[in-house]
>>> print(open('upload.tsv').read())   # TSV, C-alpha atoms
chain	number	residue	atom	x	y	z
I	1	MET	CA	133.29	119.31	120.10
I	2	GLY	CA	131.61	122.03	122.13
I	3	ASP	CA	128.55	121.76	119.93
I	4	TYR	CA	128.18	118.08	120.74
I	5	VAL	CA	128.38	118.77	124.47
I	6	LEU	CA	125.71	121.45	124.13
I	7	LEU	CA	123.53	119.13	122.09
I	8	ALA	CA	123.93	116.40	124.69
I	9	ILE	CA	123.01	118.70	127.58
I	10	SER	CA	119.99	120.03	125.76
I	11	CYS	CA	118.78	116.51	124.96
I	12	VAL	CA	119.27	115.15	128.46
I	13	LEU	CA	117.99	118.04	130.53
I	14	ILE	CA	116.30	120.83	128.62
I	15	ASN	CA	114.33	118.77	126.13
I	16	ASN	CA	114.05	115.72	128.34
I	17	ILE	CA	112.21	113.20	126.26
I	18	LEU	CA	109.84	111.98	128.94
I	19	LEU	CA	109.02	115.09	130.85
I	20	MET	CA	109.29	117.79	128.20
I	21	GLN	CA	108.58	116.07	124.89
I	22	TYR	CA	105.97	113.68	126.30
I	23	LEU	CA	107.35	110.62	124.55
I	24	GLY	CA	107.58	107.14	126.02
I	25	ASN	CA	105.09	107.72	128.78
I	26	CYS	CA	103.50	104.27	128.75
I	27	PRO	CA	106.66	102.45	129.84
I	28	PHE	CA	107.42	105.43	132.09
I	29	LEU	CA	104.32	104.73	134.14
I	30	GLY	CA	104.34	100.99	133.55
I	31	THR	CA	107.86	100.10	134.62
I	32	SER	CA	108.52	102.66	137.32
I	33	LYS	CA	106.93	100.86	140.23
I	34	LYS	CA	110.16	99.11	141.15
I	35	MET	CA	113.71	100.35	140.93
I	36	GLU	CA	114.95	97.11	139.32
I	37	THR	CA	112.54	97.19	136.43
I	38	ALA	CA	113.19	100.88	135.91
I	39	VAL	CA	116.93	100.28	135.63
I	40	GLY	CA	116.36	97.37	133.24
I	41	MET	CA	114.09	99.44	131.04
I	42	ALA	CA	116.48	102.39	131.03
I	43	MET	CA	119.39	100.19	129.95
I	44	ALA	CA	117.36	98.49	127.24
I	45	VAL	CA	116.21	101.83	125.84
I	46	ILE	CA	119.73	103.29	125.75
I	47	PHE	CA	121.02	100.19	124.02
I	48	VAL	CA	118.32	99.98	121.38
I	49	LEU	CA	117.87	103.68	120.78
I	50	VAL	CA	121.50	104.30	119.83
I	51	LEU	CA	121.41	101.41	117.37
I	52	ALA	CA	118.01	102.40	116.02
I	53	GLY	CA	119.04	106.04	115.66
I	54	ALA	CA	122.05	105.06	113.57
I	55	ILE	CA	120.20	102.56	111.42
I	56	THR	CA	117.16	104.71	110.71
I	57	TRP	CA	119.48	107.61	109.79
I	58	LEU	CA	121.24	105.37	107.29
I	59	THR	CA	117.90	104.11	105.98
I	60	GLU	CA	116.68	107.66	105.47
I	61	MET	CA	119.83	108.85	103.70
I	62	PHE	CA	120.67	105.86	101.56
I	63	ILE	CA	117.29	104.35	100.79
I	64	LEU	CA	114.40	106.75	101.30
I	65	LYS	CA	116.09	109.98	100.12
I	66	LYS	CA	117.87	108.28	97.27
I	67	PHE	CA	114.71	106.85	95.77
I	68	GLY	CA	112.38	109.69	96.78
I	69	LEU	CA	110.34	107.52	99.13
I	70	GLU	CA	110.10	109.90	102.09
I	71	TYR	CA	106.39	109.29	102.43
I	72	LEU	CA	107.15	105.72	103.48
I	73	ARG	CA	109.26	106.95	106.39
I	74	THR	CA	106.85	106.02	109.19
I	75	MET	CA	106.29	102.55	107.84
I	76	SER	CA	109.90	101.74	107.08
I	77	PHE	CA	111.19	103.12	110.40
I	78	ILE	CA	108.80	101.08	112.48
I	79	LEU	CA	109.68	97.94	110.54
I	80	VAL	CA	113.39	98.63	110.85
I	81	ILE	CA	112.99	99.15	114.59
I	82	ALA	CA	110.89	96.02	115.04
I	83	ALA	CA	113.38	93.94	113.06
I	84	LEU	CA	116.29	95.49	114.96
I	85	VAL	CA	114.75	94.69	118.32
I	86	GLN	CA	114.10	91.12	117.26
I	87	PHE	CA	117.64	90.80	115.96
I	88	VAL	CA	119.21	92.30	119.07
I	89	GLU	CA	117.18	89.92	121.18
I	90	MET	CA	118.38	86.87	119.26
I	91	PHE	CA	121.96	88.10	119.23
I	92	LEU	CA	122.05	88.78	122.97
I	93	LYS	CA	120.43	85.46	123.79
I	94	LYS	CA	123.16	83.62	121.89
I	95	SER	CA	126.27	85.60	122.72
I	96	ILE	CA	125.75	87.65	125.90
I	97	PRO	CA	123.22	85.69	127.96
I	98	ALA	CA	123.97	87.70	131.11
I	99	LEU	CA	122.90	90.96	129.48
I	100	TYR	CA	119.92	89.23	127.90
I	101	ALA	CA	118.75	88.01	131.28
I	102	GLY	CA	119.21	91.50	132.66
I	103	LEU	CA	117.14	93.22	130.00
I	104	GLY	CA	114.60	90.41	130.05
I	105	ILE	CA	111.13	91.24	128.85
I	106	PHE	CA	111.92	94.88	128.26
I	107	LEU	CA	113.52	94.28	124.91
I	108	PRO	CA	110.41	93.21	122.96
I	109	LEU	CA	108.39	95.96	124.64
I	110	ILE	CA	110.67	98.58	123.17
I	111	THR	CA	109.23	98.21	119.69
I	112	THR	CA	106.11	100.01	120.81
I	113	ASN	CA	107.94	102.55	122.92
I	114	CYS	CA	107.22	105.81	121.20
I	115	ALA	CA	110.44	107.33	122.51
I	116	VAL	CA	112.42	105.18	120.10
I	117	LEU	CA	110.47	106.02	116.96
I	118	GLY	CA	110.08	109.58	118.19
I	119	VAL	CA	113.80	110.21	118.57
I	120	CYS	CA	114.50	108.65	115.17
I	121	LEU	CA	111.97	111.02	113.61
I	122	ILE	CA	113.37	114.02	115.52
I	123	ASN	CA	116.86	113.17	114.24
I	124	ILE	CA	115.60	113.32	110.67
I	125	LYS	CA	113.47	116.40	111.22
I	126	GLU	CA	116.33	118.38	112.74
I	127	GLU	CA	118.58	117.29	109.85
I	128	TYR	CA	121.37	116.09	112.12
I	129	THR	CA	124.60	114.75	110.69
I	130	PHE	CA	125.49	111.17	111.48
I	131	ILE	CA	127.61	112.05	114.52
I	132	GLU	CA	125.02	114.49	115.84
I	133	CYS	CA	122.42	111.80	115.35
I	134	LEU	CA	124.44	109.37	117.48
I	135	VAL	CA	124.98	112.01	120.18
I	136	SER	CA	121.32	112.97	120.27
I	137	SER	CA	120.12	109.34	120.32
I	138	PHE	CA	122.42	108.55	123.20
I	139	SER	CA	121.61	111.64	125.22
I	140	TYR	CA	117.86	111.42	124.66
I	141	SER	CA	117.91	107.85	125.89
I	142	ALA	CA	120.16	108.80	128.79
I	143	GLY	CA	117.61	111.51	129.66
I	144	PHE	CA	114.90	108.86	129.48
I	145	GLY	CA	116.88	106.68	131.86
I	146	LEU	CA	117.57	109.55	134.24
I	147	ALA	CA	113.92	110.58	134.49
I	148	LEU	CA	112.72	106.99	134.76
I	149	ILE	CA	115.14	106.10	137.57
I	150	LEU	CA	114.43	109.32	139.51
I	151	PHE	CA	110.73	108.70	139.15
I	152	ALA	CA	111.03	105.08	140.27
I	153	GLY	CA	112.82	106.27	143.39
I	154	VAL	CA	110.00	108.66	144.21
I	155	ARG	CA	107.38	106.07	143.45
I	156	GLU	CA	108.89	103.50	145.79
I	157	ARG	CA	108.50	106.03	148.59
I	158	ILE	CA	104.92	106.78	147.59
I	159	LEU	CA	104.01	103.15	148.15
I	160	LEU	CA	104.59	103.74	151.86
I	161	ALA	CA	102.32	106.77	152.02
I	162	ARG	CA	98.61	106.72	152.65
I	163	ILE	CA	96.88	108.02	149.56
I	164	PRO	CA	93.15	108.61	149.08
I	165	LYS	CA	91.63	105.73	147.18
I	166	PRO	CA	90.64	107.39	143.91
I	167	LEU	CA	94.10	108.92	143.60
I	168	GLN	CA	95.99	105.65	143.96
I	169	ASP	CA	98.31	104.09	141.40
I	170	THR	CA	98.39	105.75	137.99
I	171	SER	CA	96.64	108.87	139.14
I	172	ILE	CA	99.15	109.79	141.83
I	173	GLY	CA	101.88	108.62	139.45
I	174	LEU	CA	100.83	111.24	136.92
I	175	VAL	CA	100.66	114.00	139.51
I	176	THR	CA	104.14	113.04	140.74
I	177	ALA	CA	105.40	113.04	137.16
I	178	GLY	CA	103.98	116.54	136.87
I	179	LEU	CA	106.01	117.72	139.85
I	180	LEU	CA	109.14	116.05	138.51
I	181	SER	CA	108.47	117.68	135.19
I	182	LEU	CA	108.21	121.02	136.96
I	183	ALA	CA	111.73	120.45	138.28
I	184	PHE	CA	113.03	119.73	134.80
I	185	PHE	CA	111.10	122.73	133.54
I	186	ALA	CA	113.57	124.91	135.39
I	187	PHE	CA	116.32	123.80	132.99
I	188	LYS	CA	114.50	125.70	130.27
I	189	GLY	CA	116.15	128.80	131.70
I	190	MET	CA	119.48	127.43	130.48
I	191	ALA	CA	118.40	127.36	126.87
Q	1	MET	CA	72.68	91.37	117.04
Q	2	ALA	CA	71.82	95.04	117.07
Q	3	LYS	CA	72.12	95.10	120.81
Q	4	THR	CA	75.59	93.57	120.91
Q	5	LEU	CA	76.72	95.98	118.23
Q	6	THR	CA	75.60	98.90	120.33
Q	7	GLN	CA	77.44	97.35	123.24
Q	8	GLU	CA	80.65	97.07	121.25
Q	9	PHE	CA	80.25	100.69	120.34
Q	10	THR	CA	79.34	102.11	123.73
Q	11	LYS	CA	81.91	100.20	125.77
Q	12	GLY	CA	84.55	102.44	124.24
Q	13	LEU	CA	82.71	105.52	125.42
Q	14	TRP	CA	82.72	104.77	129.12
Q	15	ALA	CA	83.49	101.26	130.36
Q	16	GLU	CA	86.78	100.95	128.48
Q	17	ILE	CA	87.44	104.56	127.57
Q	18	PRO	CA	91.04	104.28	126.38
Q	19	PRO	CA	93.39	106.60	128.22
Q	20	PHE	CA	91.61	106.38	131.54
Q	21	ARG	CA	90.52	102.79	131.88
Q	22	LEU	CA	93.29	101.17	129.90
Q	23	VAL	CA	96.11	103.68	130.53
Q	24	LEU	CA	97.34	103.31	126.97
Q	25	GLY	CA	98.20	105.96	124.44
Q	26	LEU	CA	99.28	108.50	127.00
Q	27	CYS	CA	101.90	110.34	124.99
Q	28	PRO	CA	99.63	112.07	122.48
Q	29	ILE	CA	97.05	112.81	125.13
Q	30	LEU	CA	99.64	114.77	127.05
Q	31	ALA	CA	101.30	116.37	124.09
Q	32	VAL	CA	98.53	117.55	121.79
Q	33	THR	CA	95.98	118.78	124.31
Q	34	LYS	CA	97.23	122.34	124.57
Q	35	SER	CA	94.11	123.45	122.77
Q	36	VAL	CA	90.74	122.01	121.82
Q	37	GLU	CA	91.50	122.37	118.14
Q	38	ASN	CA	94.63	120.20	118.31
Q	39	ALA	CA	92.82	117.66	120.45
Q	40	ILE	CA	89.95	117.29	117.99
Q	41	GLY	CA	92.34	116.99	115.05
Q	42	MET	CA	94.32	114.30	116.80
Q	43	GLY	CA	91.13	112.53	117.89
Q	44	ALA	CA	89.85	112.45	114.32
Q	45	ALA	CA	93.15	111.01	113.10
Q	46	VAL	CA	93.03	108.28	115.74
Q	47	VAL	CA	89.41	107.42	114.93
Q	48	PHE	CA	90.31	107.01	111.27
Q	49	VAL	CA	93.35	104.84	111.96
Q	50	LEU	CA	91.55	102.73	114.53
Q	51	VAL	CA	88.49	102.06	112.37
Q	52	GLY	CA	90.60	101.41	109.29
Q	53	SER	CA	93.05	99.07	110.96
Q	54	ASN	CA	90.32	97.21	112.85
Q	55	VAL	CA	88.33	96.58	109.67
Q	56	LEU	CA	91.35	95.55	107.63
Q	57	VAL	CA	92.76	93.26	110.31
Q	58	SER	CA	89.37	91.68	110.73
Q	59	LEU	CA	89.11	91.16	106.95
Q	60	LEU	CA	92.55	89.56	106.85
Q	61	ARG	CA	92.24	87.57	110.06
Q	62	LYS	CA	91.96	84.25	108.23
Q	63	ILE	CA	95.03	84.96	106.10
Q	64	ILE	CA	97.43	86.34	108.70
Q	65	PRO	CA	99.37	83.49	110.33
Q	66	SER	CA	99.30	83.83	114.08
Q	67	LYS	CA	103.08	83.62	114.45
Q	68	VAL	CA	103.80	86.82	112.59
Q	69	ARG	CA	100.56	88.58	113.42
Q	70	ILE	CA	102.11	91.43	115.40
Q	71	ALA	CA	104.35	92.39	112.49
Q	72	CYS	CA	101.34	92.27	110.15
Q	73	PHE	CA	99.28	94.44	112.52
Q	74	ILE	CA	102.07	96.99	112.66
Q	75	ILE	CA	102.18	97.20	108.87
Q	76	VAL	CA	98.41	97.62	108.65
Q	77	VAL	CA	98.43	100.35	111.30
Q	78	ALA	CA	101.42	102.07	109.71
Q	79	THR	CA	99.65	102.10	106.35
Q	80	PHE	CA	96.66	103.92	107.76
Q	81	VAL	CA	98.87	106.32	109.68
Q	82	THR	CA	100.69	107.17	106.47
Q	83	VAL	CA	97.35	107.78	104.75
Q	84	VAL	CA	96.26	110.13	107.55
Q	85	GLU	CA	99.61	111.89	107.50
Q	86	LEU	CA	99.41	112.58	103.77
Q	87	LEU	CA	95.74	113.62	103.96
Q	88	MET	CA	96.42	116.06	106.79
Q	89	GLN	CA	99.42	117.46	104.99
Q	90	ALA	CA	97.24	118.08	101.94
Q	91	TYR	CA	94.06	119.46	103.49
Q	92	THR	CA	94.77	120.75	107.01
Q	93	TYR	CA	98.35	121.92	106.74
Q	94	PRO	CA	98.40	124.28	109.80
Q	95	LEU	CA	97.07	121.47	111.99
Q	96	PHE	CA	99.60	119.09	110.48
Q	97	LEU	CA	102.39	121.45	111.53
Q	98	LYS	CA	101.03	121.79	115.05
Q	99	LEU	CA	100.63	118.06	115.65
Q	100	GLY	CA	104.00	117.44	113.99
Q	101	ILE	CA	105.74	114.32	115.12
Q	102	PHE	CA	102.71	112.97	116.94
Q	103	ILE	CA	100.90	111.93	113.76
Q	104	PRO	CA	103.50	109.34	112.72
Q	105	LEU	CA	103.66	108.31	116.36
Q	106	ILE	CA	100.08	107.01	116.21
Q	107	VAL	CA	101.79	103.83	114.95
Q	108	VAL	CA	103.29	103.17	118.34
Q	109	ASN	CA	100.29	104.47	120.23
Q	110	CYS	CA	99.31	101.15	121.75
Q	111	ILE	CA	95.59	101.54	121.09
Q	112	PRO	CA	95.26	100.52	117.41
Q	113	LEU	CA	97.73	97.68	117.89
Q	114	GLY	CA	96.06	96.57	121.10
Q	115	ARG	CA	92.59	96.53	119.55
Q	116	ALA	CA	93.86	94.61	116.54
Q	117	GLU	CA	95.30	91.96	118.83
Q	118	ALA	CA	92.54	91.88	121.42
Q	119	PHE	CA	89.47	92.34	119.26
Q	120	ALA	CA	89.70	92.61	115.49
Q	121	TYR	CA	91.77	89.44	115.05
Q	122	LYS	CA	89.03	87.42	116.71
Q	123	ASN	CA	85.85	89.09	115.46
Q	124	GLY	CA	83.98	89.81	112.26
Q	125	ILE	CA	84.09	93.01	110.27
Q	126	ILE	CA	81.01	94.74	111.61
Q	127	PRO	CA	81.73	94.26	115.32
Q	128	SER	CA	85.33	95.31	114.68
Q	129	PHE	CA	84.10	98.43	112.96
Q	130	ALA	CA	81.85	99.24	115.92
Q	131	ASP	CA	84.65	98.53	118.37
Q	132	GLY	CA	87.10	100.75	116.51
Q	133	LEU	CA	84.61	103.56	116.16
Q	134	GLY	CA	83.56	103.41	119.82
Q	135	LEU	CA	87.08	103.35	121.24
Q	136	GLY	CA	88.23	105.95	118.76
Q	137	ILE	CA	85.45	108.32	119.72
Q	138	GLY	CA	86.06	107.62	123.38
Q	139	TYR	CA	89.70	108.50	122.89
Q	140	ALA	CA	88.81	111.64	120.96
Q	141	MET	CA	86.40	112.65	123.74
Q	142	SER	CA	89.05	112.29	126.41
Q	143	LEU	CA	91.51	114.27	124.32
Q	144	THR	CA	88.95	117.01	123.84
Q	145	ALA	CA	88.00	117.11	127.51
Q	146	LEU	CA	91.60	117.46	128.62
Q	147	GLY	CA	92.25	119.94	125.82
Q	148	ALA	CA	89.27	122.02	126.94
Q	149	ILE	CA	90.40	122.16	130.56
Q	150	ARG	CA	93.96	123.05	129.66
Q	151	GLU	CA	92.98	125.63	127.06
Q	152	VAL	CA	90.38	127.36	129.24
Q	153	PHE	CA	92.71	127.73	132.20
Q	154	GLY	CA	96.00	127.91	130.38
Q	155	SER	CA	95.20	130.50	127.76
Q	156	GLY	CA	91.72	131.68	128.74
Q	157	THR	CA	90.19	130.64	125.43
Q	158	PHE	CA	87.96	127.87	124.15
Q	159	TYR	CA	88.46	126.79	120.55
Q	160	GLY	CA	90.21	130.10	120.01
Q	161	ASN	CA	87.40	132.25	121.50
Q	162	GLN	CA	87.94	134.33	124.63
Q	163	VAL	CA	86.13	132.91	127.64
Q	164	PHE	CA	87.08	135.27	130.43
Q	165	GLY	CA	87.23	139.04	130.46
Q	166	PRO	CA	90.31	141.00	129.41
Q	167	SER	CA	91.63	141.09	132.97
Q	168	PHE	CA	92.20	137.31	132.95
Q	169	GLN	CA	95.76	136.24	133.69
Q	170	PRO	CA	96.51	133.01	131.82
Q	171	PHE	CA	97.55	130.16	134.09
Q	172	ASN	CA	100.65	129.21	132.09
Q	173	PHE	CA	101.34	126.13	134.16
Q	174	MET	CA	98.43	124.36	132.48
Q	175	ILE	CA	99.67	124.56	128.92
Q	176	GLU	CA	103.20	123.51	129.79
Q	177	ALA	CA	104.34	119.95	130.35
Q	178	PRO	CA	103.92	119.79	134.16
Q	179	GLY	CA	100.31	120.96	133.89
Q	180	ALA	CA	99.54	118.18	131.43
Q	181	PHE	CA	100.68	115.49	133.84
Q	182	VAL	CA	98.97	116.95	136.88
Q	183	CYS	CA	95.74	117.65	135.01
Q	184	LEU	CA	95.55	114.13	133.56
Q	185	GLY	CA	96.29	112.66	136.98
Q	186	LEU	CA	93.49	114.63	138.58
Q	187	MET	CA	91.07	113.70	135.80
Q	188	LEU	CA	91.93	110.06	136.35
Q	189	CYS	CA	91.24	110.57	140.05
Q	190	VAL	CA	87.80	112.01	139.28
Q	191	MET	CA	87.06	109.13	136.89
Q	192	ASN	CA	88.03	106.61	139.57
Q	193	PHE	CA	85.89	108.40	142.13
Q	194	VAL	CA	82.81	108.52	139.92
Q	195	GLY	CA	83.38	105.00	138.62
Q	196	LYS	CA	83.53	103.50	142.12
Q	197	LYS	CA	80.19	104.97	143.07
Q	198	ALA	CA	78.34	103.80	139.97
>>> encode(input="upload.tsv", output="structure tokens")
Amino acid sequence: MGDYVLLAISCVLINNILLMQYLGNCPFLGTSKKMETAVGMAMAVIFVLVLAGAITWLTEMFILKKFGLEYLRTMSFILVIAALVQFVEMFLKKSIPALYAGLGIFLPLITTNCAVLGVCLINIKEEYTFIECLVSSFSYSAGFGLALILFAGVRERILLARIPKPLQDTSIGLVTAGLLSLAFFAFKGMA
Amino acid sequence: MAKTLTQEFTKGLWAEIPPFRLVLGLCPILAVTKSVENAIGMGAAVVFVLVGSNVLVSLLRKIIPSKVRIACFIIVVATFVTVVELLMQAYTYPLFLKLGIFIPLIVVNCIPLGRAEAFAYKNGIIPSFADGLGLGIGYAMSLTALGAIREVFGSGTFYGNQVFGPSFQPFNFMIEAPGAFVCLGLMLCVMNFVGKKA
């Protein structure tokens, strides 16, 4: 049990997917201008990533490994993720419309979020067991959510500040992300 | 004809230079630019994938039904990424290890997919080739520029050669994650500044 807690802490804080592993930065900058969209994106990522982590792990073990097709990993994972996202979207629309409305347009965007594919590949590369894979998928996506929501909070304040013209928008966003990343960098001391 | 072709090619080098003007494909640009060598390797991989997928999508544009086009684009891009992955594993193994997870992640780097949708699906083979090559080289150039800045200040070397004297203290901040964000942000600021004047 202790191992899982350690794994979770390391995935959320020390190896934070956005700020330390540099994955999922496009939605990070794209959806962090407003708190609402940031929360929506964070929820959608947590939801999809846990499912995708489990399914790609099963795909790897029972299809790719079994038939010696590891070289098709990239292609099969992205297809599995795309299909999964589509399926989740249809399912939510039918059965849980409230959640569907909440996640809104963020669901389809997740297919091209490199955090999702990235975490699935990390799970395989680190040779996690199924449970470890679930824990790491959940905590990586929770780390994504944490960083995204913190960043959105900072960015809402930045809107009120007077910023030199060339620095506006994405540019100041990146510099702010750098400072936030510096804060997370301190967690490296825990490792 | 020749003139438009040159235009398709050169727009990728400045007017629409990918990570700065379009703010797409940020993850690899932050992750692999610790050194010039990594940046060039990654750039070359992206050029190959972009040119390949653009040409193939453009060849198949009459066959691919528009309803499932995104899925088809993803498969085309993933095919080329797999090719690059296997080639790099075979011929440049140390580089393959350094770039690691970021090679398969070219699939979800929005640039090849975006170009397939925005350009190759609507244009002929030769313009698509020029477009892919131009944007790819533009992307590789930005990677290399950022890689050069970070490597020179972060480890005091350029392409593995010492730049400063032995008394140089490496500025570690630059090769770690925070430095990547700040450095890219400042480069974007400079690009905006120069672009506004022109």
>>> closest_residue(input="upload.tsv", among="I:Met35, I:Cys26, I:Met75, I:Cys133", to="Cys27 in chain Q", atoms="only C-alpha atoms")
I:Cys26
>>> closest_atom_pairs(input="upload.tsv", of="chain Q", to="chain I", cutoff="6 Å", atoms="all atoms listed in the file", output="tab-separated table")
residue	atom	partner	partner_atom	distance
Q:Cys27	CA	I:Tyr22	CA	5.4
Q:Ala31	CA	I:Tyr22	CA	5.8
Q:Ala78	CA	I:Met75	CA	5.2
Q:Pro104	CA	I:Thr74	CA	5.9
Q:Val108	CA	I:Thr112	CA	4.9
Q:Ala177	CA	I:Met20	CA	5.8
Q:Pro178	CA	I:Gly178	CA	4.2
Q:Phe181	CA	I:Gly178	CA	4.6
Q:Val182	CA	I:Val175	CA	4.3
Q:Gly185	CA	I:Ser171	CA	4.4
Q:Leu188	CA	I:Ser171	CA	5.6
Q:Cys189	CA	I:Leu167	CA	4.8
Q:Asn192	CA	I:Pro166	CA	5.1
Q:Phe193	CA	I:Pro166	CA	5.2
>>> residues_near_point(input="upload.tsv", point="(95.7, 123.1, 132.1)", cutoff="8 Å", atoms="only C-alpha atoms", output="list in words")
Lys34, Leu146, Gly147, Ile149, Arg150, Glu151, Val152, Phe153, Gly154, Phe171, Asn172, Phe173, Met174, Ile175, Glu176, Gly179, Ala180 and Cys183 of chain Q
>>> atom_distance(input="upload.tsv", atom1="CA of Ser58 in chain Q", atom2="CA of Leu69 in chain I")
28.7 Å
>>> atom_distance(input="upload.tsv", atom1="CA of Ala140 in chain Q", atom2="CA of Arg115 in chain Q")
15.6 Å
>>> closest_residue(input="upload.tsv", among="Q:Ser128, Q:Asn109, Q:Thr92, Q:Asn161", to="Leu59 in chain Q", atoms="all atoms listed in the file")
Q:Ser128
>>> atom_distance(input="upload.tsv", atom1="CA of Val80 in chain I", atom2="CA of Thr56 in chain I")
7.2 Å
>>> residues_around(input="upload.tsv", residues="Val49 in chain Q", least_positions_apart="4", cutoff="7 Å", atoms="all atoms listed in the file", output="MDAnalysis selection string")
chainID Q and resid 45 53 77 80:81
>>> residues_around(input="upload.tsv", residues="range 90-95 of chain I", least_positions_apart="3", cutoff="12 Å", atoms="all atoms listed in the file", output="MDAnalysis selection string")
chainID I and resid 44 47:48 83:87 98:104 107:108
>>> closest_residue(input="upload.tsv", among="Q:Ala71, Q:Leu186, Q:Ile111, Q:Leu143", to="Val51 in chain Q", atoms="only C-alpha atoms")
Q:Ile111
>>> residues_around(input="upload.tsv", residues="Ile126 in chain Q", least_positions_apart="5", cutoff="9 Å", atoms="only C-alpha atoms", output="PyMOL selection string")
chain Q and resi 5+55+58+131
>>> closest_residue(input="upload.tsv", among="Q:Tyr139, Q:Tyr159, Q:Phe9, Q:Phe73", to="Glu117 in chain Q", atoms="all atoms listed in the file")
Q:Phe73
>>> residues_around(input="upload.tsv", residues="range 145-149 of chain I", least_positions_apart="3", cutoff="10 Å", atoms="all atoms listed in the file", output="VMD selection string")
chain I and resid 12 to 13 16 to 19 25 27 to 29 31 to 32 34 to 46 139 to 142 152 to 155 177 180 to 181 184
>>> write_last_selection(input="upload.tsv", atoms="C-alpha atoms", output="tab-separated table (two decimals), in the coordinates of the input")
chain	number	residue	atom	x	y	z
I	12	VAL	CA	119.27	115.15	128.46
I	13	LEU	CA	117.99	118.04	130.53
I	16	ASN	CA	114.05	115.72	128.34
I	17	ILE	CA	112.21	113.20	126.26
I	18	LEU	CA	109.84	111.98	128.94
I	19	LEU	CA	109.02	115.09	130.85
I	25	ASN	CA	105.09	107.72	128.78
I	27	PRO	CA	106.66	102.45	129.84
I	28	PHE	CA	107.42	105.43	132.09
I	29	LEU	CA	104.32	104.73	134.14
I	31	THR	CA	107.86	100.10	134.62
I	32	SER	CA	108.52	102.66	137.32
I	34	LYS	CA	110.16	99.11	141.15
I	35	MET	CA	113.71	100.35	140.93
I	36	GLU	CA	114.95	97.11	139.32
I	37	THR	CA	112.54	97.19	136.43
I	38	ALA	CA	113.19	100.88	135.91
I	39	VAL	CA	116.93	100.28	135.63
I	40	GLY	CA	116.36	97.37	133.24
I	41	MET	CA	114.09	99.44	131.04
I	42	ALA	CA	116.48	102.39	131.03
I	43	MET	CA	119.39	100.19	129.95
I	44	ALA	CA	117.36	98.49	127.24
I	45	VAL	CA	116.21	101.83	125.84
I	46	ILE	CA	119.73	103.29	125.75
I	139	SER	CA	121.61	111.64	125.22
I	140	TYR	CA	117.86	111.42	124.66
I	141	SER	CA	117.91	107.85	125.89
I	142	ALA	CA	120.16	108.80	128.79
I	152	ALA	CA	111.03	105.08	140.27
I	153	GLY	CA	112.82	106.27	143.39
I	154	VAL	CA	110.00	108.66	144.21
I	155	ARG	CA	107.38	106.07	143.45
I	177	ALA	CA	105.40	113.04	137.16
I	180	LEU	CA	109.14	116.05	138.51
I	181	SER	CA	108.47	117.68	135.19
I	184	PHE	CA	113.03	119.73	134.80
>>> residues_around(input="upload.tsv", residues="Ile137 in chain Q", least_positions_apart="4", cutoff="8 Å", atoms="all atoms listed in the file", output="number ranges by chain")
Q: 12-13, 43, 47, 133, 141
